[in-house]
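Asker: Before I ask anything, let me first share the structure, which is written out below as structure tokens.
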Amino acid sequence: MRDTAAGLLIGAAGGLAFWLLGIPAPWLAGSMMAAIAAVFSHVKIGMPDWLRAVAFIFLGIQTGTAVSWETVDRAIHWPVSIAFLCLTVVAVTWACMAYYIRRHDWDVPTALFASLPGALSLTLLLASSTTADMRRVTIAQCIRLFFLVAALPTVITWLKPPQDHLTMTLAQIGGVWDILLVVAVSAAAGYALEWLKAPAGLMLGPMLASAGLELSGWIAGAAPMSILIPANVVLGVMIGCRFSHFTFAEFRAALAEGFSGFIIALAIAMAGAALAAWFSKLPFALTLLAFSPGGLDAMTIMAFSLNLDPAYVGAHQMARYIGLALLMPAATAYVLKRMGAYGGSRA
């Protein structure tokens, strides 16, 4: 509990500092930077599983309550951009994989799992059953997420038009009973999907449940903003805690490789997002956030922070997450088997 309290206080202080400085997405980026600084200053911080679960449930509620019938009408354009997203995921994986193999002479398993965009927990689980260098995979994945959270809000803010017709304008839910209803139903749905082993069940369940309540008229308006700031802080500290297994020397040495991989992934994501924006008649800033190769939680929460349509971003990030979760085990097993990467020998 002491480590958890320290992490939350440090994360909240970092978020407050970034907010006072006017930095985009301050509570997420600020809490992450503060947590990483604490880790490398040998301050013990932690984040228990139950608090992570609460943050995921609240994030699902935030995304679901942002859905309206106007969102449903706009969804006719989503299949086209989701198709471009699928192509972008494949292109990012193969381009980063080729870069790590040819430029840094990494073996195939390490390069493959370091290049997969998203689904970090599943990626690390699959990588651990191969001959992949787990420290390189973990550092590469964490560094990419670090740069996305640190740099992407500024890029999005620069690209975003002054008047964006897809910004968040929903009023907040009024009434204690409405809030209790949506929290209770969403939490039950989240734990039900988690029990059924559904991909990202703790976020997907609340997202679907709260969207259903919103569209059916049982509740009206978005979840209170007081939910979003704590969820930002928890997520930022979670990202920071991932660096606790690395020394600062390892972190510094990995920055160059990680930044190069981040630039390659971001360039391909920008190309795919530009095509999706042109075909779907959507703002480029919105499609770029949806296509960015970060985590489902981080990118969705960033949509709220940047006042962009979280339903669109969440749907695309969820499609990528579920697609990777369903297809990645078979696809990676096929690729690595052909290259002889399972077992004791290096590819």
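Quick note on naming: the chains in the structure tokens go A, B, ... in the order shown, residues restart at 1 in each chain, and ligands are numbered from 1 in order of appearance.
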Name the residues in contact with A:Leu324 at a cut-off of 9 Å, using only C-alpha atoms, excluding same-chain residues fewer than 5 positions from it; report them as a PDB file with all heavy atoms, in the first residue's frame.
Answerer:
```
ATOM      1  N   LEU A 116       5.611  -5.949 -33.012  1.00  0.00           N
ATOM      2  CA  LEU A 116       4.156  -6.051 -32.981  1.00  0.00           C
ATOM      3  C   LEU A 116       3.554  -4.836 -32.277  1.00  0.00           C
ATOM      4  O   LEU A 116       3.915  -4.532 -31.141  1.00  0.00           O
ATOM      5  CB  LEU A 116       3.732  -7.340 -32.278  1.00  0.00           C
ATOM      6  CG  LEU A 116       3.978  -8.628 -33.067  1.00  0.00           C
ATOM      7  CD1 LEU A 116       3.797  -9.846 -32.172  1.00  0.00           C
ATOM      8  CD2 LEU A 116       3.052  -8.711 -34.272  1.00  0.00           C
ATOM      9  N   PRO A 117       2.627  -4.121 -32.925  1.00  0.00           N
ATOM     10  CA  PRO A 117       2.098  -2.871 -32.356  1.00  0.00           C
ATOM     11  C   PRO A 117       0.877  -3.094 -31.471  1.00  0.00           C
ATOM     12  O   PRO A 117      -0.254  -3.189 -31.943  1.00  0.00           O
ATOM     13  CB  PRO A 117       1.726  -2.064 -33.601  1.00  0.00           C
ATOM     14  CG  PRO A 117       1.344  -3.103 -34.618  1.00  0.00           C
ATOM     15  CD  PRO A 117       2.169  -4.334 -34.308  1.00  0.00           C
ATOM     16  N   GLY A 118       1.080  -3.172 -30.171  1.00  0.00           N
ATOM     17  CA  GLY A 118      -0.047  -3.315 -29.256  1.00  0.00           C
ATOM     18  C   GLY A 118      -0.118  -4.686 -28.629  1.00  0.00           C
ATOM     19  O   GLY A 118       0.702  -5.559 -28.903  1.00  0.00           O
ATOM     20  N   ALA A 119      -1.153  -4.869 -27.762  1.00  0.00           N
ATOM     21  CA  ALA A 119      -1.362  -6.139 -27.054  1.00  0.00           C
ATOM     22  C   ALA A 119      -0.092  -6.567 -26.333  1.00  0.00           C
ATOM     23  O   ALA A 119       0.391  -7.684 -26.488  1.00  0.00           O
ATOM     24  CB  ALA A 119      -1.844  -7.218 -28.025  1.00  0.00           C
ATOM     25  N   LEU A 122       0.055  -9.919 -24.145  1.00  0.00           N
ATOM     26  CA  LEU A 122       0.029 -11.126 -24.968  1.00  0.00           C
ATOM     27  C   LEU A 122       1.332 -11.267 -25.755  1.00  0.00           C
ATOM     28  O   LEU A 122       1.860 -12.376 -25.918  1.00  0.00           O
ATOM     29  CB  LEU A 122      -1.163 -11.100 -25.917  1.00  0.00           C
ATOM     30  CG  LEU A 122      -1.329 -12.318 -26.836  1.00  0.00           C
ATOM     31  CD1 LEU A 122      -1.453 -13.594 -26.019  1.00  0.00           C
ATOM     32  CD2 LEU A 122      -2.541 -12.146 -27.746  1.00  0.00           C
ATOM     33  N   ALA A 319     -10.413  -2.939 -32.315  1.00  0.00           N
ATOM     34  CA  ALA A 319     -10.331  -3.841 -33.466  1.00  0.00           C
ATOM     35  C   ALA A 319      -8.908  -4.370 -33.633  1.00  0.00           C
ATOM     36  O   ALA A 319      -8.705  -5.561 -33.901  1.00  0.00           O
ATOM     37  CB  ALA A 319     -10.776  -3.105 -34.730  1.00  0.00           C
ATOM     38  N   PRO A 329      -1.276 -15.424 -32.036  1.00  0.00           N
ATOM     39  CA  PRO A 329      -0.671 -16.715 -31.662  1.00  0.00           C
ATOM     40  C   PRO A 329      -0.431 -17.632 -32.854  1.00  0.00           C
ATOM     41  O   PRO A 329       0.660 -18.191 -33.010  1.00  0.00           O
ATOM     42  CB  PRO A 329      -1.701 -17.307 -30.691  1.00  0.00           C
ATOM     43  CG  PRO A 329      -2.389 -16.117 -30.113  1.00  0.00           C
ATOM     44  CD  PRO A 329      -2.476 -15.139 -31.233  1.00  0.00           C
TER      45      PRO A 329
END
```
Asker: Might you pull out every residue within 12 Å of A:Leu148, with only C-alpha atoms counted and same-chain residues fewer than 3 positions away left off, and present them as a count of residues only?
Answerer: 36
Asker: Pick the closest to A:Leu181 from A:Asp133, A:Asp309, A:Glu257, A:Glu214: which is it, counting only C-alpha atoms?
Answerer: A:Glu214
Asker: Using atom CA of A:Ala34 and atom CA of A:Val54 as the two end points, give the distance in Å to one decimal.
Answerer: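 The value is 21.5 Å.
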Asker: Applying 9 Å and only C-alpha atoms, which residues near A:Ala192 remain after dropping the ones on its own chain fewer than 5 positions away? List them as a list in words.
Answerer: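 Those residues are Ala187, Lys197, Ala198, Gly201, Leu202 and Gly205 of chain A.
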Asker: Considering only C-alpha atoms, state which residue in the set A:Ala273, A:Ile322, A:Ala330, A:Ile301 is at the smallest distance from A:Thr88.
Answerer: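 That would be A:Ala273, the residue with the smallest distance to A:Thr88.
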Asker: Among stretch 47-88 of chain A, which ones does DSSP place in alpha helix (DSSP H), written as a ChimeraX atom specification?
Answerer: /A:49-65,69-74,78-88
Asker: Would you write out those residues with C-alpha atoms, as a tab-separated table (two decimals), in the first residue's frame?
Answerer:
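Contents of the output file selection-v1.tsv:
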```tsv
chain	number	residue	atom	x	y	z
A	49	ASP	CA	-4.10	-5.45	-9.96
A	50	TRP	CA	-7.40	-4.37	-8.43
A	51	LEU	CA	-6.64	-0.69	-9.06
A	52	ARG	CA	-5.68	-1.44	-12.65
A	53	ALA	CA	-9.01	-3.25	-13.05
A	54	VAL	CA	-10.92	-0.23	-11.69
A	55	ALA	CA	-9.07	2.07	-14.10
A	56	PHE	CA	-9.90	-0.17	-17.08
A	57	ILE	CA	-13.58	-0.33	-16.07
A	58	PHE	CA	-13.79	3.45	-15.73
A	59	LEU	CA	-12.05	3.89	-19.08
A	60	GLY	CA	-14.57	1.54	-20.71
A	61	ILE	CA	-17.40	3.56	-19.15
A	62	GLN	CA	-15.91	6.80	-20.44
A	63	THR	CA	-15.72	5.42	-23.97
A	64	GLY	CA	-19.16	3.80	-23.91
A	65	THR	CA	-21.02	6.83	-22.59
A	69	TRP	CA	-26.91	7.85	-32.20
A	70	GLU	CA	-24.86	10.42	-34.12
A	71	THR	CA	-21.87	8.17	-33.50
A	72	VAL	CA	-23.82	5.22	-34.89
A	73	ASP	CA	-24.67	7.23	-38.01
A	74	ARG	CA	-21.00	8.10	-38.53
A	78	TRP	CA	-15.54	3.02	-40.05
A	79	PRO	CA	-15.20	-0.28	-41.99
A	80	VAL	CA	-13.09	1.46	-44.63
A	81	SER	CA	-10.71	2.98	-42.11
A	82	ILE	CA	-10.56	-0.27	-40.10
A	83	ALA	CA	-9.51	-2.05	-43.31
A	84	PHE	CA	-6.72	0.51	-43.76
A	85	LEU	CA	-5.81	-0.03	-40.10
A	86	CYS	CA	-5.35	-3.77	-40.68
A	87	LEU	CA	-2.99	-3.09	-43.57
A	88	THR	CA	-1.12	-0.54	-41.47
```
Asker: Distance atom CA of A:Arg320-atom CA of A:Arg103, one decimal place?
Answerer: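 Separating atom CA of A:Arg320 from atom CA of A:Arg103 is a distance of 27.4 Å.
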Asker: Give me the residues near A:Ala38 as a PyMOL selection string, where near means some atom within 10 Å (using only C-alpha atoms) and where sequence neighbours in that chain fewer than 6 positions away do not count.
Answerer: chain A and resi 6-7+10-11+32+44-45+237+240-241+244
Asker: Those selected residues, please, written with all heavy atoms and delivered as an mmCIF file, in the first residue's frame.
Answerer:
```cif
data_model
loop_
_atom_site.group_PDB
_atom_site.id
_atom_site.type_symbol
_atom_site.label_atom_id
_atom_site.label_comp_id
_atom_site.auth_asym_id
_atom_site.auth_seq_id
_atom_site.Cartn_x
_atom_site.Cartn_y
_atom_site.Cartn_z
ATOM 1 N N ALA A 6 2.650 5.956 -2.909
ATOM 2 C CA ALA A 6 3.754 6.758 -3.438
ATOM 3 C C ALA A 6 3.608 6.941 -4.949
ATOM 4 O O ALA A 6 3.803 8.043 -5.477
ATOM 5 C CB ALA A 6 5.088 6.087 -3.113
ATOM 6 N N GLY A 7 3.250 5.853 -5.646
ATOM 7 C CA GLY A 7 3.074 5.945 -7.089
ATOM 8 C C GLY A 7 1.965 6.905 -7.478
ATOM 9 O O GLY A 7 2.125 7.720 -8.404
ATOM 10 N N ILE A 10 3.059 10.585 -6.683
ATOM 11 C CA ILE A 10 4.062 11.049 -7.654
ATOM 12 C C ILE A 10 3.422 11.256 -9.024
ATOM 13 O O ILE A 10 3.674 12.260 -9.701
ATOM 14 C CB ILE A 10 5.225 10.038 -7.727
ATOM 15 C CG1 ILE A 10 6.033 10.070 -6.431
ATOM 16 C CG2 ILE A 10 6.128 10.329 -8.926
ATOM 17 C CD1 ILE A 10 7.057 8.958 -6.316
ATOM 18 N N GLY A 11 2.567 10.308 -9.453
ATOM 19 C CA GLY A 11 1.896 10.445 -10.734
ATOM 20 C C GLY A 11 0.985 11.662 -10.770
ATOM 21 O O GLY A 11 0.963 12.412 -11.761
ATOM 22 N N MET A 32 3.198 9.598 -16.272
ATOM 23 C CA MET A 32 4.162 8.635 -16.798
ATOM 24 C C MET A 32 5.585 9.126 -16.605
ATOM 25 O O MET A 32 6.454 8.391 -16.112
ATOM 26 C CB MET A 32 3.907 8.376 -18.281
ATOM 27 C CG MET A 32 4.876 7.377 -18.911
ATOM 28 S SD MET A 32 4.851 7.374 -20.716
ATOM 29 C CE MET A 32 5.607 8.971 -21.082
ATOM 30 N N LYS A 44 10.468 3.370 -4.631
ATOM 31 C CA LYS A 44 9.586 2.222 -4.838
ATOM 32 C C LYS A 44 8.154 2.689 -5.073
ATOM 33 O O LYS A 44 7.559 3.350 -4.222
ATOM 34 C CB LYS A 44 9.638 1.282 -3.636
ATOM 35 C CG LYS A 44 10.967 0.537 -3.493
ATOM 36 C CD LYS A 44 10.889 -0.474 -2.360
ATOM 37 C CE LYS A 44 12.189 -1.261 -2.258
ATOM 38 N NZ LYS A 44 12.127 -2.271 -1.161
ATOM 39 N N ILE A 45 7.630 2.356 -6.246
ATOM 40 C CA ILE A 45 6.233 2.640 -6.553
ATOM 41 C C ILE A 45 5.596 1.356 -7.074
ATOM 42 O O ILE A 45 6.287 0.458 -7.550
ATOM 43 C CB ILE A 45 6.075 3.774 -7.592
ATOM 44 C CG1 ILE A 45 6.762 3.399 -8.920
ATOM 45 C CG2 ILE A 45 6.630 5.078 -7.059
ATOM 46 C CD1 ILE A 45 6.529 4.417 -10.020
ATOM 47 N N VAL A 237 1.177 5.813 -14.273
ATOM 48 C CA VAL A 237 2.041 5.127 -13.306
ATOM 49 C C VAL A 237 2.269 3.677 -13.735
ATOM 50 O O VAL A 237 3.377 3.140 -13.584
ATOM 51 C CB VAL A 237 1.427 5.187 -11.896
ATOM 52 C CG1 VAL A 237 2.243 4.365 -10.908
ATOM 53 C CG2 VAL A 237 1.340 6.636 -11.424
ATOM 54 N N GLY A 240 4.946 3.720 -16.262
ATOM 55 C CA GLY A 240 6.221 3.986 -15.609
ATOM 56 C C GLY A 240 6.765 2.779 -14.863
ATOM 57 O O GLY A 240 7.973 2.522 -14.878
ATOM 58 N N CYS A 241 5.878 2.010 -14.231
ATOM 59 C CA CYS A 241 6.307 0.831 -13.470
ATOM 60 C C CYS A 241 6.948 -0.233 -14.356
ATOM 61 O O CYS A 241 7.724 -1.066 -13.874
ATOM 62 C CB CYS A 241 5.128 0.227 -12.714
ATOM 63 S SG CYS A 241 4.597 1.196 -11.275
ATOM 64 N N SER A 244 10.710 -0.529 -14.229
ATOM 65 C CA SER A 244 11.365 -0.844 -12.960
ATOM 66 C C SER A 244 12.351 -1.999 -13.083
ATOM 67 O O SER A 244 13.200 -2.179 -12.208
ATOM 68 C CB SER A 244 10.316 -1.163 -11.898
ATOM 69 O OG SER A 244 9.527 -2.274 -12.282
#
```
Asker: From the list A:Ile23, A:Ala209, A:Ala37, A:Ile264, which residue is nearest A:Ser115 when using only C-alpha atoms?
Answerer: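 That would be A:Ile264, the residue with the smallest distance to A:Ser115.
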Asker: Using only C-alpha atoms, which of A:Phe146, A:Tyr99, A:Phe40, A:Phe18 sits nearest A:Met238?
Answerer: A:Phe146
Asker: Find the spatial neighbours of A:His245, counting only C-alpha atoms, within a cut-off of 12 Å - ignore same-chain residues fewer than 5 positions away - and output them as a VMD selection string.
Answerer: chain A and resid 36 39 to 40 42 44 134 to 136 138 to 139 142 240 250 to 251
Asker: Closest to A:Ser216 among A:Val67, A:Leu20, A:Ala150, A:Leu126, using only C-alpha atoms?
Answerer: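 Closest candidate: A:Val67.
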Asker: Work out how far apart atom CA of A:Ile229 and atom CA of A:Val183 are and give it in Å to one decimal.
Answerer: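 Distance between the two atoms: 16.6 Å.
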Asker: So which one's closest to A:Gly30, A:Thr110, A:Ser210, A:Ser129, A:Asn232? Using only C-alpha atoms, please.
Answerer: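 Among the listed residues, the smallest separation from A:Gly30 belongs to A:Asn232.
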